[in-house]
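Asks: Supplied structure: query_11.csv, CSV, C-alpha atoms.
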```csv
chain,number,residue,atom,x,y,z
A,1,MET,CA,40.2,-22.8,-10.0
A,2,PHE,CA,38.3,-19.5,-10.4
A,3,SER,CA,39.4,-16.7,-12.7
A,4,ILE,CA,38.5,-13.1,-13.5
A,5,ILE,CA,39.6,-11.0,-16.4
A,6,THR,CA,40.2,-7.3,-15.6
A,7,SER,CA,40.3,-4.6,-18.2
A,8,SER,CA,42.4,-2.0,-16.3
A,9,PRO,CA,45.0,-1.6,-13.5
A,10,GLU,CA,42.2,0.1,-11.5
A,11,GLN,CA,40.0,-3.0,-11.9
A,12,THR,CA,42.8,-5.3,-10.9
A,13,ARG,CA,43.3,-3.1,-7.7
A,14,ARG,CA,39.5,-3.3,-7.1
A,15,ILE,CA,39.5,-7.1,-7.2
A,16,GLY,CA,42.5,-7.1,-4.8
A,17,GLU,CA,40.5,-4.7,-2.5
A,18,ILE,CA,37.5,-7.0,-2.4
A,19,LEU,CA,39.7,-9.9,-1.5
A,20,GLY,CA,41.6,-7.9,1.1
A,21,SER,CA,38.3,-7.0,2.8
A,22,LEU,CA,37.7,-10.7,3.3
A,23,LEU,CA,41.1,-11.6,4.7
A,24,GLY,CA,41.8,-12.2,8.3
A,25,PRO,CA,44.7,-13.0,10.7
A,26,GLY,CA,47.0,-15.7,9.5
A,27,ASP,CA,45.9,-15.7,5.8
A,28,LEU,CA,48.5,-16.4,3.2
A,29,LEU,CA,48.4,-15.3,-0.5
A,30,CYS,CA,50.9,-16.5,-3.0
A,31,LEU,CA,51.2,-14.4,-6.2
A,32,TYR,CA,52.5,-15.9,-9.4
A,33,GLY,CA,53.1,-14.1,-12.7
A,34,GLU,CA,55.6,-12.6,-15.1
A,35,LEU,CA,57.3,-9.3,-14.4
A,36,GLY,CA,54.7,-6.6,-15.0
A,37,ALA,CA,51.7,-8.9,-14.8
A,38,GLY,CA,50.1,-6.8,-12.0
A,39,LYS,CA,51.2,-8.5,-8.8
A,40,THR,CA,52.1,-5.3,-7.0
A,41,ASN,CA,49.0,-3.6,-8.3
A,42,PHE,CA,46.9,-6.4,-7.0
A,43,ALA,CA,48.8,-6.3,-3.6
A,44,PHE,CA,48.0,-2.6,-3.4
A,45,GLY,CA,44.3,-3.4,-3.7
A,46,ILE,CA,44.6,-6.0,-0.9
A,47,ALA,CA,46.2,-3.3,1.3
A,48,ARG,CA,43.2,-1.1,0.6
A,49,GLY,CA,40.9,-3.9,1.6
A,50,LEU,CA,42.8,-4.3,4.8
A,51,ALA,CA,42.4,-0.5,5.6
A,52,VAL,CA,46.2,0.1,5.3
A,53,ARG,CA,46.6,3.9,5.5
A,54,GLU,CA,49.7,4.4,3.4
A,55,GLN,CA,48.8,6.0,0.1
A,56,TYR,CA,51.3,4.0,-1.9
A,57,ILE,CA,52.2,0.3,-1.5
A,58,THR,CA,55.5,-0.5,-3.2
A,59,SER,CA,57.0,-3.8,-4.0
A,60,PRO,CA,59.8,-4.6,-1.4
A,61,THR,CA,62.1,-5.9,-4.2
A,62,PHE,CA,65.3,-4.8,-2.4
A,63,THR,CA,64.3,-5.2,1.2
A,64,PHE,CA,62.3,-8.4,0.6
A,65,VAL,CA,59.6,-7.4,3.2
A,66,ASN,CA,57.4,-4.3,3.8
A,67,GLU,CA,55.1,-4.2,6.8
A,68,TYR,CA,51.9,-2.1,6.9
A,69,ALA,CA,49.5,-1.4,9.7
A,70,GLY,CA,45.8,-2.0,8.9
A,71,ARG,CA,42.8,-3.7,10.5
A,72,VAL,CA,45.2,-6.7,10.3
A,73,PRO,CA,48.9,-6.2,9.8
A,74,LEU,CA,50.0,-6.8,6.1
A,75,TYR,CA,53.3,-8.4,5.4
A,76,HIS,CA,54.2,-7.9,1.7
A,77,ILE,CA,57.1,-10.1,0.7
A,78,ASP,CA,58.8,-9.9,-2.8
A,79,LEU,CA,61.1,-12.8,-3.6
A,80,TYR,CA,62.2,-11.6,-7.1
A,81,ARG,CA,65.8,-11.0,-6.0
A,82,LEU,CA,66.0,-14.2,-3.9
A,83,LYS,CA,69.1,-16.0,-5.0
A,84,ASP,CA,68.8,-19.1,-2.9
A,85,PRO,CA,66.0,-20.5,-0.6
A,86,SER,CA,68.5,-20.4,2.3
A,87,GLU,CA,68.1,-16.6,2.3
A,88,LEU,CA,64.5,-17.0,3.6
A,89,GLU,CA,65.7,-17.6,7.1
A,90,GLY,CA,67.5,-14.2,7.2
A,91,ILE,CA,64.3,-12.3,6.4
A,92,GLY,CA,62.1,-14.2,9.0
A,93,PHE,CA,60.0,-15.9,6.3
A,94,GLU,CA,58.7,-18.6,8.5
A,95,GLU,CA,57.7,-16.1,11.2
A,96,TYR,CA,55.8,-14.0,8.7
A,97,ILE,CA,53.8,-16.9,7.3
A,98,ALA,CA,53.0,-18.2,10.8
A,99,SER,CA,52.0,-14.7,12.1
A,100,ASP,CA,48.6,-13.2,12.9
A,101,GLY,CA,48.9,-10.9,10.0
A,102,VAL,CA,48.1,-11.3,6.3
A,103,THR,CA,51.1,-12.3,4.3
A,104,VAL,CA,51.2,-11.6,0.5
A,105,ILE,CA,54.2,-13.2,-1.3
A,106,GLU,CA,55.1,-12.0,-4.8
A,107,TRP,CA,57.2,-14.5,-6.8
A,108,ALA,CA,56.1,-17.3,-4.5
A,109,GLU,CA,57.5,-19.9,-6.8
A,110,ARG,CA,60.9,-19.0,-5.5
A,111,ALA,CA,60.0,-20.4,-2.1
A,112,GLU,CA,57.7,-23.2,-3.2
A,113,ASP,CA,59.3,-25.9,-1.0
A,114,GLU,CA,58.9,-23.6,2.1
A,115,LEU,CA,55.3,-22.7,1.6
A,116,PRO,CA,52.5,-24.3,3.7
A,117,GLU,CA,50.1,-26.5,1.9
A,118,GLU,CA,47.1,-24.4,2.9
A,119,ARG,CA,47.1,-21.0,1.0
A,120,LEU,CA,45.4,-19.0,-1.7
A,121,SER,CA,47.4,-19.0,-4.8
A,122,VAL,CA,46.8,-16.2,-7.4
A,123,TYR,CA,48.1,-16.5,-10.9
A,124,LEU,CA,48.3,-13.2,-12.9
A,125,SER,CA,48.8,-13.2,-16.6
A,126,TYR,CA,48.6,-10.9,-19.6
A,127,VAL,CA,45.6,-10.9,-21.8
A,128,ASP,CA,46.5,-7.7,-23.6
A,129,GLU,CA,48.1,-4.3,-22.9
A,130,HIS,CA,45.5,-3.3,-20.3
A,131,SER,CA,43.8,-6.6,-19.4
A,132,ARG,CA,44.9,-9.3,-17.0
A,133,GLU,CA,43.6,-12.7,-16.1
A,134,LEU,CA,43.6,-13.5,-12.4
A,135,GLY,CA,43.3,-17.2,-11.5
A,136,PHE,CA,42.6,-18.2,-7.9
A,137,LEU,CA,43.4,-21.6,-6.5
A,138,ALA,CA,42.2,-22.4,-2.9
A,139,GLU,CA,44.3,-24.9,-1.1
A,140,GLY,CA,42.8,-26.0,2.2
A,141,GLU,CA,39.3,-25.6,3.8
A,142,ARG,CA,39.9,-22.0,5.0
A,143,TYR,CA,40.8,-20.9,1.5
A,144,GLU,CA,38.0,-22.8,-0.2
A,145,LYS,CA,35.5,-20.9,2.0
A,146,LEU,CA,37.3,-17.6,1.3
A,147,LEU,CA,37.2,-18.3,-2.4
A,148,GLU,CA,33.4,-19.0,-2.3
A,149,GLU,CA,32.8,-15.7,-0.5
A,150,PHE,CA,35.1,-13.9,-2.9
A,151,LYS,CA,33.2,-15.3,-5.9
A,152,LYS,CA,30.0,-13.9,-4.5
A,153,GLU,CA,31.5,-10.5,-3.9
A,154,THR,CA,33.0,-10.2,-7.4
A,155,ARG,CA,30.0,-11.1,-9.4
A,156,THR,CA,29.2,-7.5,-10.2
A,157,VAL,CA,32.7,-6.2,-10.6
A,158,ALA,CA,34.4,-8.2,-13.3
```
Before anything else, please render the file you have as C-alpha coordinates.

Replies:
Amino acid sequence: MFSIITSSPEQTRRIGEILGSLLGPGDLLCLYGELGAGKTNFAFGIARGLAVREQYITSPTFTFVNEYAGRVPLYHIDLYRLKDPSELEGIGFEEYIASDGVTVIEWAERAEDELPEERLSVYLSYVDEHSRELGFLAEGERYEKLLEEFKKETRTVA
(Lines of atoms letter the chains of each structure in order from A and count residues from 1; the text may use other names and numbers.)
(Lines give C-alpha, C1' and ligand atoms only; values in the text may rest on other atoms or scores of the structure.)
Protein backbone atom coordinates (compact mmCIF):
# COMPACT_ATOMS: atom_id res chain seq x y z
CA MET A 1 0.00 0.00 0.00
CA PHE A 2 1.22 3.46 -0.96
CA SER A 3 -0.44 6.65 0.25
CA ILE A 4 -0.37 10.37 -0.47
CA ILE A 5 -1.91 13.20 1.52
CA THR A 6 -3.26 16.06 -0.57
CA SER A 7 -3.96 19.52 0.82
CA SER A 8 -6.57 20.76 -1.66
CA PRO A 9 -9.12 19.57 -4.21
CA GLU A 10 -6.78 20.83 -6.94
CA GLN A 11 -3.95 18.66 -5.64
CA THR A 12 -6.29 15.64 -5.47
CA ARG A 13 -7.20 16.26 -9.13
CA ARG A 14 -3.51 16.64 -10.01
CA ILE A 15 -2.69 13.26 -8.43
CA GLY A 16 -5.57 11.77 -10.46
CA GLU A 17 -4.22 13.43 -13.60
CA ILE A 18 -0.78 11.90 -13.07
CA LEU A 19 -2.33 8.48 -12.61
CA GLY A 20 -4.58 8.97 -15.65
CA SER A 21 -1.55 9.77 -17.82
CA LEU A 22 -0.15 6.32 -16.97
CA LEU A 23 -3.33 4.32 -17.60
CA GLY A 24 -3.95 2.23 -20.68
CA PRO A 25 -6.56 0.06 -22.36
CA GLY A 26 -8.27 -2.38 -20.02
CA ASP A 27 -7.16 -0.74 -16.76
CA LEU A 28 -9.57 -0.87 -13.82
CA LEU A 29 -9.60 1.50 -10.85
CA CYS A 30 -11.86 0.91 -7.88
CA LEU A 31 -12.51 3.95 -5.68
CA TYR A 32 -13.53 3.62 -2.04
CA GLY A 33 -14.41 6.33 0.45
CA GLU A 34 -17.18 8.15 2.26
CA LEU A 35 -19.55 10.57 0.58
CA GLY A 36 -17.57 13.74 -0.10
CA ALA A 37 -14.15 12.09 0.30
CA GLY A 38 -13.04 13.26 -3.17
CA LYS A 39 -13.77 10.27 -5.42
CA THR A 40 -15.36 12.33 -8.21
CA ASN A 41 -12.68 15.00 -7.92
CA PHE A 42 -10.02 12.30 -8.29
CA ALA A 43 -11.91 10.78 -11.26
CA PHE A 44 -11.94 14.23 -12.89
CA GLY A 45 -8.14 14.27 -12.63
CA ILE A 46 -7.95 10.81 -14.20
CA ALA A 47 -10.05 12.09 -17.10
CA ARG A 48 -7.62 14.98 -17.61
CA GLY A 49 -4.72 12.51 -17.65
CA LEU A 50 -6.56 10.53 -20.33
CA ALA A 51 -6.99 13.72 -22.42
CA VAL A 52 -10.77 13.72 -22.08
CA ARG A 53 -11.99 16.95 -23.70
CA GLU A 54 -15.13 17.56 -21.62
CA GLN A 55 -14.62 20.49 -19.30
CA TYR A 56 -16.60 18.92 -16.44
CA ILE A 57 -16.67 15.32 -15.37
CA THR A 58 -19.70 14.55 -13.26
CA SER A 59 -20.52 11.55 -11.16
CA PRO A 60 -23.03 9.33 -12.96
CA THR A 61 -25.04 8.79 -9.77
CA PHE A 62 -28.40 8.49 -11.52
CA THR A 63 -27.31 6.93 -14.80
CA PHE A 64 -24.67 4.62 -13.26
CA VAL A 65 -22.25 5.12 -16.21
CA ASN A 66 -20.80 8.09 -18.08
CA GLU A 67 -18.62 7.48 -21.13
CA TYR A 68 -15.95 9.93 -22.24
CA ALA A 69 -13.70 9.96 -25.30
CA GLY A 70 -9.99 10.52 -24.68
CA ARG A 71 -6.74 8.94 -25.80
CA VAL A 72 -8.36 5.83 -24.27
CA PRO A 73 -12.13 5.71 -23.63
CA LEU A 74 -13.06 6.42 -20.01
CA TYR A 75 -15.97 4.58 -18.41
CA HIS A 76 -16.90 6.28 -15.15
CA ILE A 77 -19.23 4.11 -13.08
CA ASP A 78 -20.92 5.23 -9.85
CA LEU A 79 -22.59 2.51 -7.82
CA TYR A 80 -23.85 4.71 -4.97
CA ARG A 81 -27.50 4.10 -5.88
CA LEU A 82 -27.07 0.39 -6.61
CA LYS A 83 -29.70 -1.45 -4.59
CA ASP A 84 -28.73 -5.00 -5.48
CA PRO A 85 -25.75 -6.52 -7.34
CA SER A 86 -28.19 -8.08 -9.81
CA GLU A 87 -28.63 -4.56 -11.26
CA LEU A 88 -25.06 -4.69 -12.58
CA GLU A 89 -26.07 -6.81 -15.55
CA GLY A 90 -28.53 -4.15 -16.70
CA ILE A 91 -25.81 -1.49 -16.92
CA GLY A 92 -23.37 -3.72 -18.81
CA PHE A 93 -20.94 -3.84 -15.89
CA GLU A 94 -19.02 -6.90 -17.09
CA GLU A 95 -18.65 -5.45 -20.59
CA TYR A 96 -17.18 -2.21 -19.21
CA ILE A 97 -14.61 -3.87 -16.98
CA ALA A 98 -13.60 -6.24 -19.80
CA SER A 99 -13.35 -3.45 -22.39
CA ASP A 100 -10.37 -1.73 -24.00
CA GLY A 101 -11.17 1.45 -22.10
CA VAL A 102 -10.20 2.63 -18.63
CA THR A 103 -12.93 1.89 -16.10
CA VAL A 104 -13.18 3.91 -12.89
CA ILE A 105 -15.72 2.68 -10.35
CA GLU A 106 -16.91 4.84 -7.46
CA TRP A 107 -18.43 2.94 -4.52
CA ALA A 108 -16.72 -0.22 -5.78
CA GLU A 109 -17.48 -2.02 -2.52
CA ARG A 110 -21.08 -2.37 -3.73
CA ALA A 111 -19.89 -4.76 -6.46
CA GLU A 112 -17.02 -6.39 -4.60
CA ASP A 113 -18.01 -9.95 -5.53
CA GLU A 114 -18.19 -9.01 -9.22
CA LEU A 115 -14.79 -7.31 -9.46
CA PRO A 116 -11.78 -9.02 -11.03
CA GLU A 117 -8.93 -9.86 -8.69
CA GLU A 118 -6.48 -7.71 -10.68
CA ARG A 119 -7.14 -3.99 -10.23
CA LEU A 120 -5.90 -0.82 -8.63
CA SER A 121 -7.90 0.07 -5.54
CA VAL A 122 -7.82 3.66 -4.28
CA TYR A 123 -9.02 4.47 -0.76
CA LEU A 124 -9.89 8.14 -0.19
CA SER A 125 -10.39 9.45 3.33
CA TYR A 126 -10.72 12.76 5.17
CA VAL A 127 -7.73 14.19 6.98
CA ASP A 128 -9.30 17.60 7.58
CA GLU A 129 -11.56 20.07 5.78
CA HIS A 130 -9.22 20.46 2.79
CA SER A 131 -6.89 17.46 3.03
CA ARG A 132 -7.43 13.90 1.93
CA GLU A 133 -5.40 10.74 2.21
CA LEU A 134 -5.29 8.61 -0.93
CA GLY A 135 -4.19 5.03 -0.38
CA PHE A 136 -3.29 2.90 -3.41
CA LEU A 137 -3.37 -0.90 -3.37
CA ALA A 138 -2.10 -2.72 -6.48
CA GLU A 139 -3.63 -6.13 -7.04
CA GLY A 140 -1.89 -8.03 -9.85
CA GLU A 141 1.36 -7.65 -11.78
CA ARG A 142 0.09 -4.96 -14.19
CA TYR A 143 -1.04 -2.78 -11.30
CA GLU A 144 2.12 -3.37 -9.25
CA LYS A 145 4.16 -2.00 -12.18
CA LEU A 146 1.69 0.87 -12.62
CA LEU A 147 1.95 1.77 -8.95
CA GLU A 148 5.77 1.77 -9.07
CA GLU A 149 5.70 4.16 -12.04
CA PHE A 150 3.06 6.30 -10.31
CA LYS A 151 5.22 6.56 -7.16
CA LYS A 152 8.10 7.93 -9.25
CA GLU A 153 5.84 10.46 -10.97
CA THR A 154 4.31 11.77 -7.72
CA ARG A 155 7.46 12.28 -5.70
CA THR A 156 7.53 16.00 -6.42
CA VAL A 157 3.78 16.66 -6.25
CA ALA A 158 2.57 15.57 -2.83

Asks: Just how far from CA of Asp100 in chain A is CA of Leu28 in chain A, in Å to one decimal?

Replies: 10.2 Å

Asks: Hey, what's within 12 Å of Glu149 in chain A if we count only C-alpha atoms and toss same-chain stuff fewer than 4 positions away? As a ChimeraX atom specification, please?

Replies: /A:2,18-23,138,142-145,153-155

Asks: What does the structure give for the distance between CA of Asn41 in chain A and CA of Gln11 in chain A, in Å to one decimal?

Replies: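 Computing the Euclidean distance for CA of Asn41 in chain A and CA of Gln11 in chain A yields 9.7 Å.
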
Asks: Go through A:Glu133, A:Glu95, A:Asp84, A:Asp128 one by one, measure the shortest atom-to-atom distance of each to Phe42 in chain A using all atoms listed in the file, and give the residue with the smallest value.

Replies: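 Ranked by minimum distance to Phe42 in chain A, first place goes to A:Glu133.
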
Asks: Could you pull the residues within 7 Å of range 72-81 of chain A, counting all atoms listed in the file, minus those fewer than 2 positions along the same chain, as a short mmCIF file (atom, residue, chain, number, x, y, z; two decimals) with C-alpha atoms, in the frame of the given file?

Replies:
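out_14.cif was written with the following content:
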```cif
data_model
loop_
_atom_site.label_atom_id
_atom_site.label_comp_id
_atom_site.auth_asym_id
_atom_site.auth_seq_id
_atom_site.Cartn_x
_atom_site.Cartn_y
_atom_site.Cartn_z
CA GLY A 24 41.80 -12.20 8.30
CA PRO A 25 44.70 -13.00 10.70
CA LEU A 50 42.80 -4.30 4.80
CA SER A 59 57.00 -3.80 -4.00
CA PRO A 60 59.80 -4.60 -1.40
CA THR A 61 62.10 -5.90 -4.20
CA PHE A 64 62.30 -8.40 0.60
CA VAL A 65 59.60 -7.40 3.20
CA ASN A 66 57.40 -4.30 3.80
CA GLU A 67 55.10 -4.20 6.80
CA TYR A 68 51.90 -2.10 6.90
CA ALA A 69 49.50 -1.40 9.70
CA GLY A 70 45.80 -2.00 8.90
CA LYS A 83 69.10 -16.00 -5.00
CA TYR A 96 55.80 -14.00 8.70
CA GLY A 101 48.90 -10.90 10.00
CA VAL A 102 48.10 -11.30 6.30
CA THR A 103 51.10 -12.30 4.30
CA VAL A 104 51.20 -11.60 0.50
CA ILE A 105 54.20 -13.20 -1.30
CA GLU A 106 55.10 -12.00 -4.80
CA TRP A 107 57.20 -14.50 -6.80
CA ALA A 108 56.10 -17.30 -4.50
CA ARG A 110 60.90 -19.00 -5.50
#
```

Asks: Using only C-alpha atoms, what table do you get, as a tab-separated table, when you list each residue of range 31-105 of chain A with an atom no more than 8 Å from range 122-126 of chain A, its nearest pair of atoms, and their distance in Å rounded to one decimal, rows by chain then rising number?

Replies:
```
residue	atom	partner	partner_atom	distance
A:Leu31	CA	A:Val122	CA	4.9
A:Tyr32	CA	A:Tyr123	CA	4.7
A:Gly33	CA	A:Leu124	CA	4.9
A:Glu34	CA	A:Ser125	CA	7.0
A:Ala37	CA	A:Ser125	CA	5.5
A:Gly38	CA	A:Leu124	CA	6.7
A:Lys39	CA	A:Leu124	CA	6.9
```

Asks: Between A:Gly36, A:Glu118, A:Ala111, A:Met1, which residue has the minimum interatomic distance to Lys151 in chain A, considering only C-alpha atoms?

Replies: A:Met1

Asks: Figure out the distance between CA of Glu114 in chain A and CA of Leu134 in chain A, please, to one decimal in Å.

Replies: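 These two atoms are separated by 23.4 Å.
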
Asks: Find the residues near Ser121 in chain A: any atom within 6 Å, counting only C-alpha atoms, skip ones fewer than 4 places away on the same chain, and give them as a PyMOL selection string.

Replies: chain A and resi 29-30+136-137

Asks: May I ask which of the residues A:Val127, A:Ala98, A:Leu88, A:Leu147 is the closest one to Asp27 in chain A, counting all atoms listed in the file?

Replies: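 Nearest candidate to Asp27 in chain A out of A:Val127, A:Ala98, A:Leu88, A:Leu147: A:Ala98.
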